[in-house]
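Engineer: Below you'll find final08.cif; it's mmCIF, C-alpha atoms and all ligand atoms.
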data_my_file
loop_
_atom_site.label_atom_id
_atom_site.label_comp_id
_atom_site.auth_asym_id
_atom_site.auth_seq_id
_atom_site.Cartn_x
_atom_site.Cartn_y
_atom_site.Cartn_z
CA MET A 1029 -5.38 -22.06 -19.03
CA ARG A 1030 -7.06 -24.72 -17.01
CA SER A 1031 -5.56 -28.14 -16.92
CA ALA A 1032 -7.21 -31.20 -18.39
CA LEU A 1033 -7.65 -32.46 -14.86
CA LEU A 1034 -9.54 -29.36 -13.87
CA GLN A 1035 -11.69 -29.44 -16.98
CA GLY A 1036 -12.59 -33.05 -16.30
CA ALA A 1037 -13.39 -32.28 -12.71
CA VAL A 1038 -15.59 -29.34 -13.65
CA ALA A 1039 -17.45 -31.50 -16.15
CA SER A 1040 -17.97 -34.04 -13.42
CA LEU A 1041 -19.25 -31.39 -11.07
CA VAL A 1042 -21.76 -30.29 -13.66
CA LEU A 1043 -22.86 -33.88 -14.00
CA LEU A 1044 -23.19 -34.13 -10.27
CA THR A 1045 -25.95 -31.55 -10.24
CA GLY A 1046 -28.07 -33.55 -12.61
CA CYS A 1047 -27.13 -36.99 -11.34
CA ALA A 1048 -28.18 -36.91 -7.71
CA ALA A 1049 -29.88 -40.24 -8.26
CA TYR A 1050 -26.48 -41.88 -8.73
CA TRP A 1051 -24.97 -40.70 -5.46
CA PRO A 1052 -23.36 -43.24 -3.04
CA GLY A 1053 -26.06 -44.95 -1.08
CA ASN A 1054 -28.27 -45.06 -4.11
CA SER A 1055 -28.14 -48.41 -5.80
CA VAL A 1056 -28.83 -47.09 -9.28
CA ASN A 1057 -25.22 -46.58 -10.41
CA PRO A 1058 -22.55 -46.81 -7.70
CA ALA A 1059 -19.70 -46.87 -10.25
CA ALA A 1060 -20.74 -43.48 -11.65
CA ALA A 1061 -21.08 -42.14 -8.12
CA ARG A 1062 -17.57 -43.33 -7.25
CA HIS A 1063 -16.22 -41.69 -10.37
CA LEU A 1064 -17.84 -38.39 -9.49
CA GLN A 1065 -16.58 -38.65 -5.95
CA GLN A 1066 -13.03 -39.16 -7.20
CA SER A 1067 -13.38 -36.20 -9.55
CA ILE A 1068 -14.56 -33.98 -6.72
CA GLN A 1069 -11.66 -35.17 -4.60
CA LYS A 1070 -9.21 -34.29 -7.36
CA GLU A 1071 -10.82 -30.89 -7.75
CA PHE A 1072 -10.59 -30.39 -4.00
CA ASP A 1073 -6.89 -31.31 -3.99
CA TYR A 1074 -6.28 -28.93 -6.90
CA LEU A 1075 -8.08 -26.11 -5.07
CA VAL A 1076 -6.12 -26.63 -1.86
CA LYS A 1077 -2.82 -26.68 -3.77
CA LYS A 1078 -3.76 -23.53 -5.69
CA PHE A 1079 -4.95 -21.74 -2.55
CA ASP A 1080 -1.80 -22.65 -0.63
CA SER A 1081 0.42 -21.35 -3.43
CA TYR A 1082 -1.18 -17.89 -3.15
CA ASP A 1083 -1.58 -18.04 0.61
CA GLY A 1084 2.13 -18.63 1.05
CA LYS A 1085 3.17 -15.60 -1.01
CA GLY A 1086 0.70 -13.28 0.69
CA ASP A 1087 0.69 -10.69 -2.12
CA VAL A 1088 -2.74 -11.63 -3.47
CA GLU A 1089 -4.22 -11.41 0.02
CA LEU A 1090 -2.63 -7.99 0.57
CA CYS A 1091 -4.00 -6.81 -2.76
CA ALA A 1092 -7.55 -8.15 -2.42
CA PRO A 1093 -8.11 -8.99 1.27
CA LYS A 1094 -11.90 -9.29 1.14
CA ASN A 1095 -12.10 -11.62 -1.85
CA PHE A 1096 -9.22 -13.65 -0.49
CA ALA A 1097 -10.94 -13.95 2.89
CA VAL A 1098 -14.12 -15.24 1.22
CA ALA A 1099 -12.02 -17.74 -0.74
CA ARG A 1100 -10.29 -18.85 2.45
CA PHE A 1101 -13.60 -19.35 4.23
CA ALA A 1102 -14.99 -21.35 1.30
CA VAL A 1103 -11.92 -23.58 1.40
CA TYR A 1104 -12.49 -24.19 5.11
CA GLN A 1105 -16.13 -24.98 4.41
CA ALA A 1106 -15.11 -27.44 1.69
CA VAL A 1107 -12.69 -29.11 4.11
CA GLU A 1108 -15.47 -29.42 6.68
CA GLU A 1109 -17.92 -30.90 4.15
CA ARG A 1110 -15.26 -33.35 3.00
CA ARG A 1111 -15.00 -34.55 6.59
CA ASN A 1112 -18.76 -34.95 6.74
CA ALA A 1113 -18.90 -36.58 3.29
CA GLY A 1114 -21.24 -33.81 2.16
CA MET A 1115 -20.26 -33.95 -1.49
CA ALA A 1116 -22.99 -31.70 -2.90
CA GLN A 1117 -22.17 -28.89 -0.47
CA MET A 1118 -18.46 -29.51 -0.94
CA THR A 1119 -18.90 -28.96 -4.66
CA ARG A 1120 -20.56 -25.62 -4.08
CA PHE A 1121 -17.85 -24.47 -1.70
CA ILE A 1122 -15.11 -25.53 -4.10
CA GLY A 1123 -16.77 -23.52 -6.85
CA ARG A 1124 -17.12 -20.47 -4.63
CA ALA A 1125 -13.52 -20.69 -3.49
CA HIS A 1126 -12.33 -20.89 -7.09
CA ARG A 1127 -14.39 -17.89 -8.15
CA MET A 1128 -13.26 -15.67 -5.30
CA LEU A 1129 -9.66 -16.77 -5.62
CA ASN A 1130 -9.70 -16.07 -9.37
CA THR A 1131 -11.21 -12.63 -8.73
CA ALA A 1132 -8.52 -11.84 -6.19
CA VAL A 1133 -5.77 -13.00 -8.55
CA SER A 1134 -7.26 -10.88 -11.37
CA GLN A 1135 -7.20 -7.83 -9.08
CA TYR A 1136 -3.60 -8.56 -8.24
CA LYS A 1137 -2.52 -9.01 -11.86
CA SER A 1138 -4.31 -5.85 -13.01
CA GLY A 1139 -2.87 -3.81 -10.13
CA LYS A 1140 -6.33 -2.84 -8.85
CA CYS A 1141 -5.38 -3.42 -5.25
CA VAL A 1142 -6.88 -2.07 -2.05
CA ASP A 1143 -5.66 1.28 -0.67
CA ARG A 1144 -7.02 1.19 2.86
CA ASP A 1145 -5.81 4.59 4.02
CA GLY A 1146 -6.49 6.38 0.72
CA ASP A 1147 -3.01 7.89 0.42
CA GLY A 1148 -2.62 6.89 -3.23
CA LEU A 1149 -0.42 3.87 -2.54
CA THR A 1150 -1.93 0.38 -2.41
CA ASP A 1151 -1.49 -1.68 0.74
CA LEU A 1152 0.64 -4.10 -1.28
CA THR A 1153 2.98 -1.33 -2.47
CA GLU A 1154 3.27 0.20 1.00
CA ILE A 1155 4.13 -3.08 2.69
CA ARG A 1156 6.32 -4.63 0.04
CA ARG A 1157 8.09 -1.63 -1.47
CA TYR A 1158 8.09 1.41 0.79
CA LYS A 1159 7.67 -0.20 4.23
CA THR A 1160 5.10 2.45 5.14
CA ASN A 1161 1.98 1.86 7.22
CA PRO A 1162 -0.97 0.84 4.99
CA ALA A 1163 -3.38 1.88 7.74
CA SER A 1164 -1.98 5.40 8.12
CA ALA A 1165 -2.05 7.93 5.26
CA ASP A 1166 0.87 9.85 6.79
CA THR A 1167 3.23 7.29 8.27
CA ASP A 1168 5.87 9.72 9.60
CA ARG A 1169 3.27 12.34 10.57
CA ASP A 1170 5.05 15.22 8.88
CA GLY A 1171 1.94 16.62 7.21
CA LEU A 1172 2.46 14.99 3.79
CA THR A 1173 0.70 11.77 2.84
CA ASP A 1174 2.83 8.77 1.91
CA GLY A 1175 1.61 9.00 -1.68
CA ALA A 1176 2.44 12.72 -1.93
CA GLU A 1177 5.91 12.13 -0.52
CA ILE A 1178 6.68 9.35 -2.97
CA ARG A 1179 5.13 10.78 -6.12
CA ARG A 1180 5.17 14.54 -5.75
CA HIS A 1181 7.79 15.71 -3.29
CA ARG A 1182 10.29 12.82 -3.58
CA THR A 1183 10.78 12.94 0.17
CA ASP A 1184 11.23 10.02 2.54
CA PRO A 1185 7.82 8.88 3.86
CA LEU A 1186 9.57 7.36 6.87
CA ARG A 1187 11.40 10.55 7.92
CA ARG A 1188 9.67 13.70 9.11
CA ASP A 1189 12.62 15.86 8.14
CA THR A 1190 14.15 14.39 5.00
CA ASP A 1191 16.92 16.98 4.55
CA GLY A 1192 17.72 17.32 8.26
CA ASP A 1193 17.35 21.08 8.50
CA LEU A 1194 15.04 20.89 11.54
CA LEU A 1195 11.89 21.72 9.54
CA ASP A 1196 9.43 18.89 8.85
CA ASP A 1197 8.79 17.99 5.21
CA GLY A 1198 5.16 19.13 5.42
CA GLU A 1199 6.09 22.48 6.94
CA GLU A 1200 8.62 23.11 4.18
CA ALA A 1201 6.55 21.89 1.24
CA LEU A 1202 3.16 23.26 2.25
CA TYR A 1203 3.86 26.23 4.50
CA ARG A 1204 7.37 27.70 4.16
CA ARG A 1205 7.66 26.80 0.47
CA SER A 1206 11.29 25.94 1.09
CA SER A 1207 12.82 22.77 -0.31
CA PRO A 1208 12.23 19.67 1.81
CA LEU A 1209 15.12 18.07 -0.08
CA HIS A 1210 17.71 20.80 0.46
CA PRO A 1211 18.74 21.97 3.94
CA ASP A 1212 19.68 25.41 2.59
CA SER A 1213 17.03 26.25 -0.01
CA ASP A 1214 18.38 29.67 -0.99
CA GLY A 1215 22.05 28.70 -0.80
CA ASP A 1216 23.03 31.56 1.49
CA GLY A 1217 24.90 29.33 3.89
CA TYR A 1218 22.25 29.23 6.62
CA THR A 1219 20.02 26.18 6.91
CA ASP A 1220 16.29 26.65 6.49
CA GLY A 1221 15.63 25.71 10.13
CA ILE A 1222 18.08 28.32 11.44
CA GLU A 1223 16.64 30.99 9.14
CA VAL A 1224 13.10 30.29 10.33
CA ALA A 1225 14.25 30.33 13.96
CA ARG A 1226 16.02 33.66 13.39
CA GLY A 1227 13.11 35.15 11.47
CA THR A 1228 14.80 35.46 8.07
CA ASP A 1229 13.54 34.11 4.75
CA PRO A 1230 14.87 30.64 3.85
CA ARG A 1231 14.00 31.29 0.19
CA ASN A 1232 15.82 34.59 -0.19
CA GLN A 1233 19.61 34.71 -0.17
CA CYS A 1234 19.43 38.43 0.58
CA SER A 1235 17.72 37.61 3.85
CA HIS A 1236 19.82 35.74 6.37
CA PRO A 1237 21.01 36.01 9.97
CA ALA A 1238 23.84 38.43 10.62
CA THR A 1239 25.64 36.00 12.90
CA GLY A 1240 25.61 32.33 13.74
CA PRO A 1241 26.92 29.11 12.20
CA ARG A 1242 27.18 29.35 8.44
CA ASN A 1243 27.88 26.54 6.04
CA PRO A 1244 31.15 26.77 4.09
CA GLY A 1245 30.85 28.68 0.80
CA PRO A 1246 30.56 29.35 -1.97
CA TRP A 1247 27.19 30.95 -1.22
CA THR A 1248 24.59 32.19 -3.64
CA LYS A 1249 25.10 35.89 -4.19
CA CYS A 1250 22.39 38.31 -3.22
CA LYS A 1251 21.06 40.16 -6.26
CA SER A 1252 17.90 41.96 -5.29
CA PRO A 1253 16.98 43.51 -2.99
CA ALA A 1254 20.25 44.71 -1.46
CA PRO A 1255 21.19 42.79 1.68
CA ASP A 1256 21.17 44.39 5.07
CA LYS A 1257 24.75 43.62 6.14
CA LYS A 1258 24.30 44.84 9.69
CA ALA A 1259 21.46 42.85 11.08
CA GLY A 1260 20.09 40.49 8.47
CA ARG A 1261 16.88 41.70 6.94
CA LYS A 1262 13.77 40.49 8.73
CA VAL A 1263 10.96 39.30 6.53
CA ARG A 1264 7.27 39.20 7.13
CA GLN A 1265 6.40 35.73 8.42
CA PRO A 1266 3.41 33.85 7.04
CA ASN A 1267 0.75 32.49 9.34
CA PRO A 1268 2.15 29.63 11.43
CA PRO A 1269 1.18 26.01 10.79
CA PRO A 1270 -1.61 24.62 12.98
CA GLY A 1271 -0.42 23.98 16.52
CA GLN A 1272 2.49 26.43 16.36
CA LYS A 1273 2.83 29.91 17.80
CA ALA A 1274 3.61 32.89 15.59
CA MET A 1275 7.18 34.13 15.93
CA CA B 1301 -2.20 3.36 1.24
CA CA B 1302 4.49 11.78 5.59
CA CA B 1303 13.47 19.67 6.34
CA CA B 1304 15.03 22.53 3.50
#
Represent the structure from my file as structure tokens, please.
Structural biologist:
Amino acid sequence: MRSALLQGAVASLVLLTGCAAYWPGNSVNPAAARHLQQSIQKEFDYLVKKFDSYDGKGDVELCAPKNFAVARFAVYQAVEERRNAGMAQMTRFIGRAHRMLNTAVSQYKSGKCVDRDGDGLTDLTEIRRYKTNPASADTDRDGLTDGAEIRRHRTDPLRRDTDGDLLDDGEEALYRRSSPLHPDSDGDGYTDGIEVARGTDPRNQCSHPATGPRNPGPWTKCKSPAPDKKAGRKVRQPNPPPGQKAM
């Protein structure tokens, strides 16, 4: 809701358009011109105060950078015209700054903020909440976008290997189909990274290395097929992720 001051100033600005004959320097009505000038000055002060309040927080600018930049430029133009006593131009710039600032604030309040890298998280959310890079869709470069990590996989968008099993989140979620949140997806006591390195299946408790470091039990029992107790059953490996050699 606009203040009475603002409403009065806007009314004065409207008058200004149709009352050019009363402007300072014109002898027709200097008192009316002074009144309009004071109203414009008040409106200018209100605009600067309003702009500074949003500029200091930064959230509106992060949400709607283009509209906020136009508003900022219009404020600068109004400041320049004030210095040059160009009241008519100043009025136009004040109006433009208000419009663009209001548009930016509306975007912010409705949550329709910019998502520069298209990862499903707005720049504002990335910077303020998740500390991810708003200019990079995959901040930790693990093959999963920041948005997919947050909303689908529940993994850490700032860590390539959330569960610490030596397999990146993207390799687990998209390629191995093992859990990027559990270091031992099948519960057989061998971490997913060790199983992949040894050529056994990290999703099958009947397939695991015959030797090597094993996590303390209890382990998930093998049900089917029967485990190969001698050597650890080898499983057919899927095609390797891009950039990796087949084992
Ligand atoms: Ca983003
Ligand atoms: Ca990622
Ligand atoms: Ca992992
Ligand atoms: Ca895992």
Engineer: Which residue out of A:Thr1150, A:Asn1243, A:Asn1112, A:Ser1081 has the minimum interatomic distance to Asp1174 of chain A when all atoms listed in the file are used?
Structural biologist: A:Thr1150
Engineer: Quick check, in Å to one decimal: how far apart do atom CA of ligand CA 1303 (chain B) and atom CA of Arg1169 of chain A lie?
Structural biologist: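 Going from atom CA of ligand CA 1303 (chain B) over to atom CA of Arg1169 of chain A covers 13.3 Å.
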Engineer: With all atoms listed in the file as the atoms that count, which of A:Trp1247, A:Tyr1158, A:Phe1096, A:Tyr1203 lies nearest to ligand CA 1301 (chain B)?
Structural biologist: A:Tyr1158
Engineer: Using all atoms listed in the file, which of the listed residues (A:Gly1148, A:Gly1215, A:Pro1230, A:Gly1123) sits closest to ligand CA 1303 (chain B)?
Structural biologist: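 Nearest candidate to ligand CA 1303 (chain B) out of A:Gly1148, A:Gly1215, A:Pro1230, A:Gly1123: A:Pro1230.
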Engineer: List as an NGL selection string the protein and nucleic acid residues lying within 6 Å of ligand CA 1302 (chain B), with all atoms listed in the file counted.
Structural biologist: :A and (1166-1174 or 1185)
Engineer: Counting all atoms listed in the file, which residues of chain A fall within 9 Å of ligand CA 1301 (chain B), and what is the closest atom pair for each with its distance in Å at one decimal, ordered by chain and rising number, as a Markdown table?
Structural biologist:
| residue | atom | partner | partner_atom | distance |
| --- | --- | --- | --- | --- |
| A:Val1142 | CA | B:CA1301 | CA | 7.9 |
| A:Asp1143 | CA | B:CA1301 | CA | 4.5 |
| A:Arg1144 | CA | B:CA1301 | CA | 5.5 |
| A:Asp1145 | CA | B:CA1301 | CA | 4.7 |
| A:Gly1146 | CA | B:CA1301 | CA | 5.3 |
| A:Asp1147 | CA | B:CA1301 | CA | 4.7 |
| A:Gly1148 | CA | B:CA1301 | CA | 5.7 |
| A:Leu1149 | CA | B:CA1301 | CA | 4.2 |
| A:Thr1150 | CA | B:CA1301 | CA | 4.7 |
| A:Asp1151 | CA | B:CA1301 | CA | 5.1 |
| A:Leu1152 | CA | B:CA1301 | CA | 8.4 |
| A:Thr1153 | CA | B:CA1301 | CA | 7.9 |
| A:Glu1154 | CA | B:CA1301 | CA | 6.3 |
| A:Thr1160 | CA | B:CA1301 | CA | 8.3 |
| A:Asn1161 | CA | B:CA1301 | CA | 7.4 |
| A:Pro1162 | CA | B:CA1301 | CA | 4.7 |
| A:Ala1163 | CA | B:CA1301 | CA | 6.8 |
| A:Ser1164 | CA | B:CA1301 | CA | 7.2 |
| A:Ala1165 | CA | B:CA1301 | CA | 6.1 |
| A:Asp1174 | CA | B:CA1301 | CA | 7.4 |
| A:Gly1175 | CA | B:CA1301 | CA | 7.4 |
Engineer: Listing only residues of chain A within 10 Å of ligand CA 1304 (chain B), what is the closest atom pair and its distance in Å (to one decimal) for each, using only C-alpha atoms and all ligand atoms, sorted by chain and residue number ascending, as CSV?
Structural biologist:
residue,atom,partner,partner_atom,distance
A:Asp1189,CA,B:CA1304,CA,8.5
A:Thr1190,CA,B:CA1304,CA,8.3
A:Asp1191,CA,B:CA1304,CA,6.0
A:Gly1192,CA,B:CA1304,CA,7.6
A:Asp1193,CA,B:CA1304,CA,5.7
A:Leu1194,CA,B:CA1304,CA,8.2
A:Leu1195,CA,B:CA1304,CA,6.9
A:Asp1196,CA,B:CA1304,CA,8.6
A:Asp1197,CA,B:CA1304,CA,7.9
A:Glu1199,CA,B:CA1304,CA,9.6
A:Glu1200,CA,B:CA1304,CA,6.5
A:Ala1201,CA,B:CA1304,CA,8.8
A:Arg1204,CA,B:CA1304,CA,9.3
A:Arg1205,CA,B:CA1304,CA,9.0
A:Ser1206,CA,B:CA1304,CA,5.6
A:Ser1207,CA,B:CA1304,CA,4.4
A:Pro1208,CA,B:CA1304,CA,4.3
A:Leu1209,CA,B:CA1304,CA,5.7
A:His1210,CA,B:CA1304,CA,4.4
A:Pro1211,CA,B:CA1304,CA,3.8
A:Asp1212,CA,B:CA1304,CA,5.5
A:Ser1213,CA,B:CA1304,CA,5.5
A:Asp1214,CA,B:CA1304,CA,9.1
A:Thr1219,CA,B:CA1304,CA,7.1
A:Asp1220,CA,B:CA1304,CA,5.2
A:Gly1221,CA,B:CA1304,CA,7.4
A:Pro1230,CA,B:CA1304,CA,8.1
A:Arg1231,CA,B:CA1304,CA,9.4
Engineer: Nearest residue to Ala1106 of chain A out of A:Ile1222, A:Ile1068, A:Ala1060, A:Ile1155, using only C-alpha atoms?
Structural biologist: A:Ile1068
Engineer: Which is closer to ligand CA 1303 (chain B) than all the others in A:Leu1202, A:Arg1242, A:His1236, A:Glu1089, using all atoms listed in the file?
Structural biologist: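 The answer is A:Leu1202, which sits nearest to ligand CA 1303 (chain B).
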Engineer: Kindly give the distance, in Å, that separates atom CA of Leu1064 of chain A and atom CA of Ser1134 of chain A, rounded to a single decimal.
Structural biologist: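 It comes out at 29.5 Å.
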Engineer: Record the distance separating atom CA of Ala1059 of chain A and atom CA of Thr1119 of chain A, expressed in Å with one decimal.
Structural biologist: 18.8 Å
Engineer: Restricting the calculation to only C-alpha atoms and all ligand atoms: of A:Glu1071, A:Glu1109, A:Asp1184, A:Asp1083, which residue gets closest to ligand CA 1303 (chain B)?
Structural biologist: A:Asp1184
Engineer: Counting all atoms listed in the file, find residues at most 12 Å from (-18.6, -38.6, 3.1) (file frame) and give them as an MDAnalysis selection string.
Structural biologist: chainID A and resid 1051:1053 1062 1065:1066 1068:1069 1106:1118
